[in-house]
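Engineer: Here it is, the structure in full.
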Amino acid sequence: MIQKKIFLILFIFLSHCGFSPVYNSEKNSEFNIIISGITGDNYINTLMNNKLKNKNNEVSKKEFKLTINNNFKKTVILKDSKGSPSEYELSLETIVYIEKDKGNSKSVSFNEKQIIKNISDTFTLKNYENTIKESFVDSTIRKLKFELINFE
């Protein structure tokens, strides 16, 4: 009974301490993104374009002009005894050229990799690859957002 009271008191005091994550602040993550060019895999480009538009705040004073180059590769890394592929490596390299002002710009690169086993059903394999592409894009967008927040 005493432990429950102590736990309740600690919970009340510690739950309202005012903690908020530094990079989760909405005021820091509001910026206007203009995509001047995007090249590479069409599926990844469409996903990236849509997700960046969702993060866009057109009335923000922070404006970034982005040129994005995606390079998606599917490489066979292991074959079975018959010579059929049994494992693939999916990799995405994204190079983003960020321009804030006329003279203030930089280039950043993001890499994602994952090894998958071959699935005999091509439809299921294609859906699985698309799911992995979506997770690659989500990860890249998170990293890009972090770069934009810290861009000086």
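By convention in this document, the chains of the structure tokens carry letters A, B, ... by their order, each chain's residues are numbered from 1, and ligands are numbered from 1 in the order they are shown.
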Env of stretch 30-36 of chain A: 12 Å cut, atoms = only C-alpha atoms, seq-sep filter 2 positions within chain, self excluded. Answer as a PyMOL selection string.
Structural biologist: chain A and resi 23-28+38-39+45+48-69+96-100+144-146+148-149+151
Engineer: So that I can check the surroundings of A:Asn111, please list as an MDAnalysis selection string every protein, DNA and RNA residue that reaches within 10 Å of it, counting only C-alpha atoms and ignoring chain neighbours fewer than 4 positions away.
Structural biologist: chainID A and resid 70:72 91:95 136 139:140
Engineer: Nearest to A:Asp80 among A:Lys5, A:Lys117, A:Asn42, A:Asn127, with distances taken over only C-alpha atoms: which residue is it?
Structural biologist: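 That would be A:Lys117, the residue with the smallest distance to A:Asp80.
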Engineer: Which residues in stretch 1-112 of chain A does DSSP call strand (DSSP E)? List them as a ChimeraX atom specification.
Structural biologist: /A:32-39,63-79,85-99,105-112
